[in-house]
Every structure is written in C-alpha cells, then in structure tokens.
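Asker: My questions will all concern the structure given below.
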Amino acid sequence: MKLRKEIEPQLEVAEKLYSKILKSLIEYAEFCDENDDEENVEYQKLEEKLHILTRKDMTQFNLWEWWEEEGVEVLAFRIALPNPLEVENITKEELSEIICNRLQWSDDFDDDNFNGKFSLYLDNYYHDFLKLNFKRTYNYSKIFCTQKNKDKSIFELTNEEKVEKLWG
C-alpha cells in the first residue's frame, strides 16, 4: 500500500543533503585525528552547520563516535532525512501499513540506489512518526518490546495488537 505523500519519508530531500552531511562528518573526524578538539569548538561548528542544513536538533545525534554505532553513512542518512510531519486523519489502514510493512525488516533492499540503500534505516523515522501522531497511545516499550505476563512468561504483541493499541 502506498502511503499519502505527507506520511512517506522525504527521501528526495535526504538524497540532496546526504553528500554534504557525509562530507562534513568525515572532515570533522579527520580534523580530530590530526588535531584535538577538547574544547569542542569544531564539534559545535559542525553541529551548527548541520542544523542550518537540516533545521534538526543535532544533540540527538552522536556526531563524533559514529564508528561505535551504525557508521558514518547511516548517521549522515539519519541526519539528512527530514523529521516526520504531524498528519491529520490517519486511517487505520495507513497505521497498519506502517506497523505491518514499513517497520518490519525486509531483505529486499537495493544497494544500487539511494532509497534502496537506506530502506533498512527508516525505523527511527516511522517510530518518530508514530510518537508524533499517536501521542496519547504511543509507548515504545509497551508496544514494540518483549513483555512479561503475570506468570512471568514472555510474549510480544502481534502486529494487529500493536495497531489496536496505537489506534486506541
């Protein structure tokens, strides 16, 4: 199912910003390898530059130790991808599409193009979308994490149960 344009991630914007952001991150890492930035002067310049490019709060990203996380390419993608929008009148079918298809891991990604290369990394986008648009019902740990019954047995919600909990 295709989602409405205002729900879909703005991958065309991310693609336009990606190389500039990637280059900035790599240049900062190279600077730190050759110099030191104990006062975080260059780090703050990088944060400001990326904020101006994206209008995002950079404190949510680890711009320095990306090698300990998903790598510089994924970080650059996550920074370049615009935040989700608040959308009115989301249908249950659209919510179901996000839960059942968009948040599920898939092995049919295509490394040959930008969208395919980063399709595995849209999870944060969709969780942010749900958090923004289902403020009253979104609770990551109670919906998307393993749960324990009163008898201490472990279970996970089905996709249908996740949709129902979010739908409220």
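Each chain of the structure tokens is named A, B, ... in the order shown, its residues numbered from 1; ligands are numbered from 1 in display order.
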Could you list, as a PDB file with N, CA and C atoms, in the first residue's frame, every residue within 12 Å of Asp128 of chain A, counting only C-alpha atoms and ignoring same-chain residues fewer than 2 positions away?

Answerer:
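Wrote selection-v3.pdb, looks like this:
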ATOM      1  N   ILE A   7       2.919  11.392   4.726  1.00  0.00           N
ATOM      2  CA  ILE A   7       3.320  10.346   5.666  1.00  0.00           C
ATOM      3  C   ILE A   7       4.669   9.747   5.262  1.00  0.00           C
ATOM      4  N   PRO A   9       8.462   9.109   4.123  1.00  0.00           N
ATOM      5  CA  PRO A   9       9.714   9.829   4.392  1.00  0.00           C
ATOM      6  C   PRO A   9      10.128  10.639   3.155  1.00  0.00           C
ATOM      7  N   ARG A  78      20.487   9.467   8.465  1.00  0.00           N
ATOM      8  CA  ARG A  78      19.522   9.797   9.526  1.00  0.00           C
ATOM      9  C   ARG A  78      19.445  11.314   9.743  1.00  0.00           C
ATOM     10  N   LEU A  81      17.596  12.939   6.549  1.00  0.00           N
ATOM     11  CA  LEU A  81      16.174  12.659   6.386  1.00  0.00           C
ATOM     12  C   LEU A  81      15.340  13.622   7.229  1.00  0.00           C
ATOM     13  N   PRO A  82      14.453  14.391   6.609  1.00  0.00           N
ATOM     14  CA  PRO A  82      13.614  15.311   7.381  1.00  0.00           C
ATOM     15  C   PRO A  82      12.744  14.571   8.401  1.00  0.00           C
ATOM     16  N   ASN A  83      12.466  15.245   9.492  1.00  0.00           N
ATOM     17  CA  ASN A  83      11.594  14.678  10.515  1.00  0.00           C
ATOM     18  C   ASN A  83      10.205  14.451   9.942  1.00  0.00           C
ATOM     19  N   PRO A  84       9.465  13.491  10.506  1.00  0.00           N
ATOM     20  CA  PRO A  84       8.093  13.275  10.037  1.00  0.00           C
ATOM     21  C   PRO A  84       7.198  14.459  10.383  1.00  0.00           C
ATOM     22  N   LEU A  85       6.100  14.521   9.682  1.00  0.00           N
ATOM     23  CA  LEU A  85       5.129  15.595   9.872  1.00  0.00           C
ATOM     24  C   LEU A  85       3.947  15.117  10.710  1.00  0.00           C
ATOM     25  N   GLU A  86       3.302  16.059  11.358  1.00  0.00           N
ATOM     26  CA  GLU A  86       2.043  15.747  12.019  1.00  0.00           C
ATOM     27  C   GLU A  86       0.978  15.713  10.929  1.00  0.00           C
ATOM     28  N   ILE A  98       2.153   0.949   8.174  1.00  0.00           N
ATOM     29  CA  ILE A  98       3.392   1.314   8.874  1.00  0.00           C
ATOM     30  C   ILE A  98       3.834   0.180   9.792  1.00  0.00           C
ATOM     31  N   LEU A 103       7.740  -1.069   9.283  1.00  0.00           N
ATOM     32  CA  LEU A 103       8.620  -1.301  10.434  1.00  0.00           C
ATOM     33  C   LEU A 103       9.193  -2.717  10.468  1.00  0.00           C
ATOM     34  N   LEU A 122      14.906   3.204   8.030  1.00  0.00           N
ATOM     35  CA  LEU A 122      13.754   4.096   8.179  1.00  0.00           C
ATOM     36  C   LEU A 122      12.991   3.838   9.477  1.00  0.00           C
ATOM     37  N   ASP A 123      13.461   2.913  10.287  1.00  0.00           N
ATOM     38  CA  ASP A 123      12.780   2.567  11.532  1.00  0.00           C
ATOM     39  C   ASP A 123      12.614   3.773  12.451  1.00  0.00           C
ATOM     40  N   ASN A 124      13.676   4.542  12.657  1.00  0.00           N
ATOM     41  CA  ASN A 124      13.575   5.719  13.529  1.00  0.00           C
ATOM     42  C   ASN A 124      12.542   6.703  12.999  1.00  0.00           C
ATOM     43  N   TYR A 125      12.528   6.882  11.682  1.00  0.00           N
ATOM     44  CA  TYR A 125      11.560   7.795  11.075  1.00  0.00           C
ATOM     45  C   TYR A 125      10.132   7.370  11.426  1.00  0.00           C
ATOM     46  N   TYR A 126       9.822   6.093  11.221  1.00  0.00           N
ATOM     47  CA  TYR A 126       8.453   5.635  11.468  1.00  0.00           C
ATOM     48  C   TYR A 126       8.095   5.656  12.950  1.00  0.00           C
ATOM     49  N   LEU A 130       5.055   7.808  14.515  1.00  0.00           N
ATOM     50  CA  LEU A 130       4.030   7.273  15.421  1.00  0.00           C
ATOM     51  C   LEU A 130       3.979   8.060  16.728  1.00  0.00           C
ATOM     52  N   LYS A 131       5.148   8.381  17.255  1.00  0.00           N
ATOM     53  CA  LYS A 131       5.219   9.146  18.509  1.00  0.00           C
ATOM     54  C   LYS A 131       4.548  10.514  18.344  1.00  0.00           C
ATOM     55  N   LEU A 132       4.748  11.143  17.205  1.00  0.00           N
ATOM     56  CA  LEU A 132       4.190  12.464  16.923  1.00  0.00           C
ATOM     57  C   LEU A 132       2.685  12.415  16.664  1.00  0.00           C
ATOM     58  N   ASN A 133       2.252  11.401  15.951  1.00  0.00           N
ATOM     59  CA  ASN A 133       0.864  11.348  15.504  1.00  0.00           C
ATOM     60  C   ASN A 133      -0.055  10.497  16.377  1.00  0.00           C
ATOM     61  N   PHE A 134       0.510   9.739  17.284  1.00  0.00           N
ATOM     62  CA  PHE A 134      -0.276   8.931  18.217  1.00  0.00           C
ATOM     63  C   PHE A 134       0.221   9.210  19.635  1.00  0.00           C
ATOM     64  N   LYS A 135       0.271  10.490  19.969  1.00  0.00           N
ATOM     65  CA  LYS A 135       0.824  10.943  21.258  1.00  0.00           C
ATOM     66  C   LYS A 135       0.168  10.262  22.452  1.00  0.00           C
ATOM     67  N   TYR A 138       1.097   6.079  21.914  1.00  0.00           N
ATOM     68  CA  TYR A 138       2.426   5.550  21.587  1.00  0.00           C
ATOM     69  C   TYR A 138       3.252   5.356  22.852  1.00  0.00           C
ATOM     70  N   ASN A 139       3.735   4.151  23.038  1.00  0.00           N
ATOM     71  CA  ASN A 139       4.646   3.820  24.127  1.00  0.00           C
ATOM     72  C   ASN A 139       5.547   2.709  23.604  1.00  0.00           C
ATOM     73  N   TYR A 140       6.760   3.062  23.223  1.00  0.00           N
ATOM     74  CA  TYR A 140       7.655   2.113  22.570  1.00  0.00           C
ATOM     75  C   TYR A 140       7.799   0.820  23.376  1.00  0.00           C
TER      76      TYR A 140
END

Asker: Run DSSP on the backbone and tell me which residues of chain A come out as helix (DSSP H, G or I); list them as an MDAnalysis selection string.

Answerer: chainID A and resid 11:34 41:54 58:60 66:68 72:80 92:102 114:121 123:133 140:143 159:167

Asker: Which of these, A:Asn115, A:Thr158, A:Gln60, A:Thr91, has the shortest distance to Tyr18 of chain A once you count only C-alpha atoms?

Answerer: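 Selected residue with least distance to Tyr18 of chain A: A:Asn115.
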
Asker: Which polymer residues have any atom within 10 Å of an atom of Lys2 of chain A, counting only C-alpha atoms, with same-chain residues fewer than 5 positions away left out, as a ChimeraX atom specification?

Answerer: /A:7-8,94,97

Asker: Between atom CA of Phe129 of chain A and atom CA of Ser19 of chain A, measure the distance and give it in Å to one decimal.

Answerer: 24.6 Å

Asker: Let's see if you can do this: from backbone DSSP, list all strand (DSSP E or B) residues in segment 93-157 of chain A, as a PyMOL selection string.

Answerer: chain A and resi 147-148+154-155

Asker: Tell me, as a list in words, which residues lie within 10 Å of Ile26 of chain A, counting only C-alpha atoms; anything in the same chain fewer than 6 positions away does not count.

Answerer: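 That gives Cys32, Leu63, Trp64, Val72, Glu73 and Ala76 of chain A.
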
Asker: With N, CA, C and O atoms retained, write the just-selected residues as a PDB file, in the first residue's frame.

Answerer:
ATOM      1  N   CYS A  32      39.806  15.759  13.804  1.00  0.00           N
ATOM      2  CA  CYS A  32      40.067  15.252  15.158  1.00  0.00           C
ATOM      3  C   CYS A  32      41.216  14.260  15.192  1.00  0.00           C
ATOM      4  O   CYS A  32      41.942  14.183  16.191  1.00  0.00           O
ATOM      5  N   LEU A  63      27.724  12.830  16.745  1.00  0.00           N
ATOM      6  CA  LEU A  63      28.480  13.237  15.559  1.00  0.00           C
ATOM      7  C   LEU A  63      29.941  12.825  15.617  1.00  0.00           C
ATOM      8  O   LEU A  63      30.637  12.865  14.615  1.00  0.00           O
ATOM      9  N   TRP A  64      30.404  12.417  16.770  1.00  0.00           N
ATOM     10  CA  TRP A  64      31.814  12.115  16.921  1.00  0.00           C
ATOM     11  C   TRP A  64      32.087  10.617  16.878  1.00  0.00           C
ATOM     12  O   TRP A  64      32.892  10.148  16.087  1.00  0.00           O
ATOM     13  N   VAL A  72      29.235   6.011   9.582  1.00  0.00           N
ATOM     14  CA  VAL A  72      29.067   7.397   9.135  1.00  0.00           C
ATOM     15  C   VAL A  72      27.998   7.537   8.048  1.00  0.00           C
ATOM     16  O   VAL A  72      27.289   8.530   8.005  1.00  0.00           O
ATOM     17  N   GLU A  73      27.874   6.534   7.164  1.00  0.00           N
ATOM     18  CA  GLU A  73      26.885   6.639   6.087  1.00  0.00           C
ATOM     19  C   GLU A  73      25.464   6.654   6.640  1.00  0.00           C
ATOM     20  O   GLU A  73      24.632   7.446   6.225  1.00  0.00           O
ATOM     21  N   ALA A  76      24.817   9.938   8.472  1.00  0.00           N
ATOM     22  CA  ALA A  76      24.565  11.009   7.510  1.00  0.00           C
ATOM     23  C   ALA A  76      23.142  10.904   6.945  1.00  0.00           C
ATOM     24  O   ALA A  76      22.449  11.918   6.790  1.00  0.00           O
TER      25      ALA A  76
END

Asker: Go ahead and compute the interatomic distance for atom CA of Lys5 of chain A and atom CA of Glu88 of chain A, in Å to one decimal.

Answerer: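 Interatomic distance, atom CA of Lys5 of chain A to atom CA of Glu88 of chain A: 12.5 Å.
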